[in-house]
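Shown next: query.pdb, containing PDB, C-alpha atoms.
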ATOM      1  CA  MET X 236       0.000   0.000   0.000
ATOM      2  CA  PRO X 237       2.724   2.593   0.751
ATOM      3  CA  ARG X 238       3.876   2.504  -2.869
ATOM      4  CA  LYS X 239       0.366   3.456  -4.073
ATOM      5  CA  LEU X 240       0.316   6.334  -1.607
ATOM      6  CA  SER X 241       3.702   7.537  -2.835
ATOM      7  CA  SER X 242       2.615   7.376  -6.487
ATOM      8  CA  LYS X 243      -0.632   9.165  -5.612
ATOM      9  CA  LEU X 244       1.304  11.916  -3.849
ATOM     10  CA  ALA X 245       3.705  12.187  -6.776
ATOM     11  CA  GLU X 246       0.761  12.498  -9.162
ATOM     12  CA  THR X 247      -0.873  15.166  -6.989
ATOM     13  CA  ASN X 248       2.408  17.101  -6.734
ATOM     14  CA  ALA X 249       2.793  16.924 -10.503
ATOM     15  CA  ARG X 250      -0.713  18.354 -10.988
ATOM     16  CA  ILE X 251       0.008  21.112  -8.441
ATOM     17  CA  ASP X 252       3.255  21.981 -10.240
ATOM     18  CA  ALA X 253       1.377  22.060 -13.566
ATOM     19  CA  ALA X 254      -1.261  24.351 -12.053
ATOM     20  CA  ILE X 255       1.418  26.696 -10.668
ATOM     21  CA  ALA X 256       3.129  26.806 -14.080
ATOM     22  CA  ALA X 257      -0.213  27.506 -15.778
ATOM     23  CA  LEU X 258      -0.943  30.344 -13.341
ATOM     24  CA  GLN X 259       2.517  31.838 -13.911
ATOM     25  CA  ASP X 260       1.911  31.664 -17.685
ATOM     26  CA  LYS X 261      -1.401  33.493 -17.085
ATOM     27  CA  LYS X 262      -3.487  30.625 -18.531
ATOM     28  CA  PHE X 263      -5.943  30.951 -15.633
ATOM     29  CA  LYS X 264      -7.348  34.063 -13.967
ATOM     30  CA  SER X 265      -7.473  32.602 -10.475
ATOM     31  CA  ALA X 266      -6.095  29.825  -8.326
ATOM     32  CA  TYR X 267      -9.640  28.514  -7.982
ATOM     33  CA  ALA X 268      -9.968  28.082 -11.784
ATOM     34  CA  ALA X 269      -6.580  26.347 -12.007
ATOM     35  CA  ALA X 270      -7.391  24.057  -9.063
ATOM     36  CA  LYS X 271     -10.720  23.117 -10.630
ATOM     37  CA  HIS X 272      -9.076  22.407 -14.010
ATOM     38  CA  PHE X 273      -6.277  20.261 -12.538
ATOM     39  CA  LYS X 274      -8.613  18.574 -10.008
ATOM     40  CA  ILE X 275      -6.665  19.597  -6.922
ATOM     41  CA  ASP X 276      -7.656  21.234  -3.649
ATOM     42  CA  CYS X 277      -7.755  25.019  -3.976
ATOM     43  CA  SER X 278      -6.388  25.605  -0.454
ATOM     44  CA  THR X 279      -3.416  23.314  -1.168
ATOM     45  CA  LEU X 280      -2.655  25.177  -4.383
ATOM     46  CA  THR X 281      -2.959  28.541  -2.635
ATOM     47  CA  CYS X 282      -0.668  27.368   0.143
ATOM     48  CA  ARG X 283       1.950  26.193  -2.384
ATOM     49  CA  LEU X 284       1.659  29.471  -4.303
ATOM     50  CA  ASN X 285       2.441  31.299  -1.062
ATOM     51  CA  GLY X 286       5.647  29.275  -0.584
ATOM     52  CA  GLY X 287       4.247  26.314   1.328
ATOM     53  CA  ALA X 288       6.192  23.058   1.376
ATOM     54  CA  THR X 289       5.259  19.832  -0.378
ATOM     55  CA  HIS X 290       4.225  16.816   1.690
ATOM     56  CA  ALA X 291       7.720  15.326   1.384
ATOM     57  CA  GLN X 292       9.410  18.613   2.293
ATOM     58  CA  SER X 293       7.231  19.078   5.363
ATOM     59  CA  ARG X 294       8.052  15.564   6.596
ATOM     60  CA  GLU X 295      11.808  15.844   6.079
ATOM     61  CA  SER X 296      12.458  17.035   9.633
ATOM     62  CA  THR X 297      10.913  13.827  11.022
ATOM     63  CA  GLN X 298      12.907  11.535   8.751
ATOM     64  CA  LEU X 299      16.087   9.793   9.818
ATOM     65  CA  LEU X 300      18.139  11.283   6.965
ATOM     66  CA  SER X 301      17.707  14.598   5.179
ATOM     67  CA  LYS X 302      16.877  14.649   1.480
ATOM     68  CA  ALA X 303      20.495  15.531   0.643
ATOM     69  CA  GLU X 304      21.792  12.673   2.799
ATOM     70  CA  GLU X 305      19.363  10.238   1.173
ATOM     71  CA  GLU X 306      20.469  11.369  -2.286
ATOM     72  CA  ALA X 307      24.104  10.877  -1.267
ATOM     73  CA  LEU X 308      23.194   7.390  -0.026
ATOM     74  CA  VAL X 309      21.482   6.609  -3.353
ATOM     75  CA  LEU X 310      24.580   7.757  -5.246
ATOM     76  CA  TRP X 311      26.806   5.623  -3.000
ATOM     77  CA  ILE X 312      24.587   2.557  -3.584
ATOM     78  CA  LYS X 313      24.676   3.091  -7.358
ATOM     79  CA  ARG X 314      28.454   3.420  -7.361
ATOM     80  CA  LEU X 315      28.834   0.356  -5.160
ATOM     81  CA  THR X 316      26.658  -1.799  -7.414
ATOM     82  CA  ALA X 317      28.309  -0.432 -10.560
ATOM     83  CA  GLY X 318      31.571  -1.760  -9.120
ATOM     84  CA  GLY X 319      30.048  -5.229  -8.845
ATOM     85  CA  TYR X 320      29.349  -5.251  -5.106
ATOM     86  CA  PRO X 321      25.744  -5.803  -4.040
ATOM     87  CA  ALA X 322      24.414  -3.283  -1.522
ATOM     88  CA  SER X 323      22.719  -5.582   0.964
ATOM     89  CA  HIS X 324      20.333  -4.236   3.581
ATOM     90  CA  ARG X 325      23.034  -4.751   6.213
ATOM     91  CA  ILE X 326      25.560  -2.712   4.234
ATOM     92  CA  VAL X 327      23.010   0.072   3.630
ATOM     93  CA  ARG X 328      22.217   0.152   7.381
ATOM     94  CA  GLU X 329      25.947   0.410   8.149
ATOM     95  CA  MET X 330      26.309   3.325   5.732
ATOM     96  CA  VAL X 331      23.301   5.070   7.285
ATOM     97  CA  TRP X 332      24.930   4.601  10.691
ATOM     98  CA  GLU X 333      28.119   6.191   9.338
ATOM     99  CA  ILE X 334      26.150   9.160   7.972
ATOM    100  CA  LEU X 335      24.403   9.654  11.302
ATOM    101  CA  THR X 336      27.664   9.274  13.235
ATOM    102  CA  HIS X 337      29.345  11.845  10.992
ATOM    103  CA  ARG X 338      26.442  14.270  11.449
ATOM    104  CA  VAL X 339      26.498  13.953  15.256
ATOM    105  CA  ALA X 340      30.307  14.140  15.431
ATOM    106  CA  LYS X 341      30.111  17.768  14.262
ATOM    107  CA  ILE X 342      27.894  18.663  17.248
ATOM    108  CA  ASN X 343      29.122  16.507  20.120
ATOM    109  CA  THR X 344      32.443  16.976  21.854
ATOM    110  CA  THR X 345      34.507  14.518  23.838
ATOM    111  CA  ASP X 346      33.406  16.237  27.055
ATOM    112  CA  MET X 347      29.730  16.725  26.290
ATOM    113  CA  GLN X 348      27.212  14.712  24.312
ATOM    114  CA  LEU X 349      24.570  17.161  23.097
ATOM    115  CA  VAL X 350      22.868  14.949  20.508
ATOM    116  CA  ASN X 351      22.270  11.199  20.494
ATOM    117  CA  ILE X 352      22.255   9.154  17.310
ATOM    118  CA  PRO X 353      18.664   8.162  16.549
ATOM    119  CA  PRO X 354      18.068   4.425  16.169
ATOM    120  CA  ILE X 355      17.658   2.979  12.702
ATOM    121  CA  GLY X 356      14.279   1.265  12.548
ATOM    122  CA  LYS X 357      13.922  -2.401  11.689
ATOM    123  CA  GLU X 358      12.054  -1.627   8.442
ATOM    124  CA  TRP X 359      13.937   1.570   7.552
ATOM    125  CA  VAL X 360      15.838   0.104   4.573
ATOM    126  CA  LYS X 361      12.610  -1.287   3.073
ATOM    127  CA  ARG X 362      10.869   2.087   3.404
ATOM    128  CA  PHE X 363      13.936   3.782   1.903
ATOM    129  CA  ALA X 364      13.798   1.384  -1.067
ATOM    130  CA  ARG X 365      10.100   2.253  -1.564
ATOM    131  CA  ARG X 366      10.965   5.952  -1.733
ATOM    132  CA  TYR X 367      13.577   5.193  -4.410
ATOM    133  CA  PRO X 368      12.046   2.471  -6.629
ATOM    134  CA  ASN X 369      14.878   2.827  -9.182
ATOM    135  CA  LEU X 370      17.117   1.046  -6.645
ATOM    136  CA  GLY X 371      15.346  -2.324  -6.969
ATOM    137  CA  THR X 372      16.462  -5.177  -4.759
ATOM    138  CA  VAL X 373      17.363  -8.698  -5.786
ATOM    139  CA  ARG X 374      18.153 -11.822  -3.827
ATOM    140  CA  SER X 375      21.595 -13.182  -4.486
ATOM    141  CA  ARG X 376      22.361 -16.867  -4.757
ATOM    142  CA  THR X 377      25.351 -18.458  -3.158
ATOM    143  CA  MET X 378      28.047 -19.802  -5.417
ATOM    144  CA  ASP X 379      29.119 -23.419  -5.115
ATOM    145  CA  PHE X 380      32.454 -23.764  -3.349
ATOM    146  CA  ALA X 381      33.960 -25.576  -6.350
ATOM    147  CA  ARG X 382      33.083 -22.663  -8.643
ATOM    148  CA  TRP X 383      34.320 -20.094  -6.183
ATOM    149  CA  LYS X 384      37.589 -21.945  -5.653
ATOM    150  CA  ASP X 385      38.221 -22.351  -9.401
ATOM    151  CA  ALA X 386      37.203 -18.803 -10.382
ATOM    152  CA  THR X 387      40.649 -17.280 -10.182
ATOM    153  CA  PRO X 388      41.621 -14.354 -12.396
ATOM    154  CA  GLU X 389      44.105 -16.608 -14.219
ATOM    155  CA  ALA X 390      41.453 -19.260 -14.968
ATOM    156  CA  ILE X 391      38.979 -16.644 -16.198
ATOM    157  CA  ASN X 392      41.608 -14.971 -18.410
ATOM    158  CA  ASP X 393      42.630 -18.380 -19.826
ATOM    159  CA  TRP X 394      38.987 -19.160 -20.654
ATOM    160  CA  PHE X 395      38.478 -15.845 -22.481
ATOM    161  CA  ASP X 396      41.769 -16.290 -24.366
ATOM    162  CA  ALA X 397      40.637 -19.749 -25.509
ATOM    163  CA  PHE X 398      37.208 -18.382 -26.443
ATOM    164  CA  GLU X 399      38.666 -15.527 -28.520
ATOM    165  CA  SER X 400      41.061 -17.931 -30.205
ATOM    166  CA  THR X 401      38.198 -20.304 -31.121
ATOM    167  CA  VAL X 402      36.074 -17.436 -32.483
ATOM    168  CA  ALA X 403      38.999 -16.188 -34.585
ATOM    169  CA  THR X 404      40.036 -19.673 -35.807
ATOM    170  CA  TYR X 405      36.564 -20.693 -36.951
ATOM    171  CA  GLN X 406      35.491 -17.148 -37.950
ATOM    172  CA  ILE X 407      32.334 -17.269 -35.811
ATOM    173  CA  SER X 408      30.171 -14.164 -36.202
ATOM    174  CA  ASP X 409      28.694 -12.364 -33.187
ATOM    175  CA  SER X 410      25.175 -13.290 -34.321
ATOM    176  CA  ASN X 411      26.045 -16.976 -33.756
ATOM    177  CA  ILE X 412      27.268 -16.535 -30.175
ATOM    178  CA  TYR X 413      24.754 -17.365 -27.430
ATOM    179  CA  ASN X 414      24.772 -17.088 -23.656
ATOM    180  CA  MET X 415      24.107 -20.417 -21.926
ATOM    181  CA  ASP X 416      24.519 -21.880 -18.453
ATOM    182  CA  GLU X 417      22.748 -24.404 -16.225
ATOM    183  CA  THR X 418      19.677 -22.184 -15.904
ATOM    184  CA  GLY X 419      19.063 -21.958 -19.665
ATOM    185  CA  PHE X 420      20.163 -19.806 -22.542
ATOM    186  CA  ALA X 421      19.342 -16.361 -23.850
ATOM    187  CA  ILE X 422      19.491 -15.028 -27.372
ATOM    188  CA  GLY X 423      20.159 -11.324 -27.566
ATOM    189  CA  SER X 424      19.266  -9.158 -24.598
ATOM    190  CA  SER X 425      17.092 -10.622 -21.886
ATOM    191  CA  GLN X 426      13.715  -9.117 -21.066
ATOM    192  CA  SER X 427      11.650  -9.647 -17.948
ATOM    193  CA  ASN X 428       7.949 -10.326 -18.324
TER
END

Show the structure stored in the file as structure tokens.
Amino acid sequence: MPRKLSSKLAETNARIDAAIAALQDKKFKSAYAAAKHFKIDCSTLTCRLNGGATHAQSRESTQLLSKAEEEALVLWIKRLTAGGYPASHRIVREMVWEILTHRVAKINTTDMQLVNIPPIGKEWVKRFARRYPNLGTVRSRTMDFARWKDATPEAINDWFDAFESTVATYQISDSNIYNMDETGFAIGSSQSN
């Protein structure tokens, strides 16, 4: 359910932003006319026109991380996964703890503790992932010990050297090369249904 609420809020914010843009372009004579056209609450539109905050902006002070800190966390997760390391929930929680520790370290001194680090909730990472759906999560599978033991850089390089040599020797075109393993094979790029 929270995802539907987030998409509904995003849709409402988009309509409010469109109404504000239309009013600034003088397409409507009043906020009431714009609110009626875009099917939004007139008082909400008026409040936003007067500099009021969005729902997300008004809730930021109650969140564990600020918007800027969350965006930095998203960037860190993307860089981590681009490097081939999965960002597990445990690793994300550890990074959040580091962010919070760094924030509090600026305020507290060795003699006096003015601010305590707030606890990270049990479901915080899941709620964070809902706020940023482009960070999808996947379950990893463990690798057999025999594969892990034999997957040395030398063995992998030897395999690719042999593969390139075979392709060159038999003049195999790229259109005749397929990806196959124990789970099946794929022709071209894979698509999820």

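Distances from X:Ile255, X:Ala268, X:Val360, X:Ala249 to Glu305 in chain X were compared using only C-alpha atoms, and the smallest one belongs to X:Val360.
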
Selection result for the PyMOL selection byres ((chain X and resi 274) around 12) on this file, as a PyMOL selection string: chain X and resi 246-251+253-254+266-273+275-277+279-280

Answer key for the PyMOL selection byres ((chain X and resi 325) around 12), residues as a list in words: Pro321, Ala322, Ser323, His324, Ile326, Val327, Arg328, Glu329, Met330, Val331, Trp332, Ile355, Lys357, Glu358, Trp359, Val360 and Lys361 of chain X

Point-to-point distance from CA of Pro353 in chain X to CA of Tyr367 in chain X, Å rounded to tenths: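 Spanning CA of Pro353 in chain X to CA of Tyr367 in chain X is a straight-line distance of 21.8 Å.
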
Atomic separation - CA of Gly287 in chain X relative to CA of Leu310 in chain X, Å: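 Separation of CA of Leu310 in chain X and CA of Gly287 in chain X: 28.3 Å.
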
Please put the answer as JSON: centre and edge lengths, in Å with one decimal, of a box along x, y and z that encloses all listed atoms of range 260-272 of chain X plus 5 Å on each side.
{"center_x": -4.4, "center_y": 28.2, "center_z": -13.3, "size_x": 22.6, "size_y": 21.7, "size_z": 20.5}

Distance in Å - CA of Leu315 in chain X versus CA of Ala364 in chain X: 15.6 Å

Spatial sel., origin (19.2, 2.6, -4.0), limit 7 Å, only C-alpha atoms, listed as a count of residues only: 8
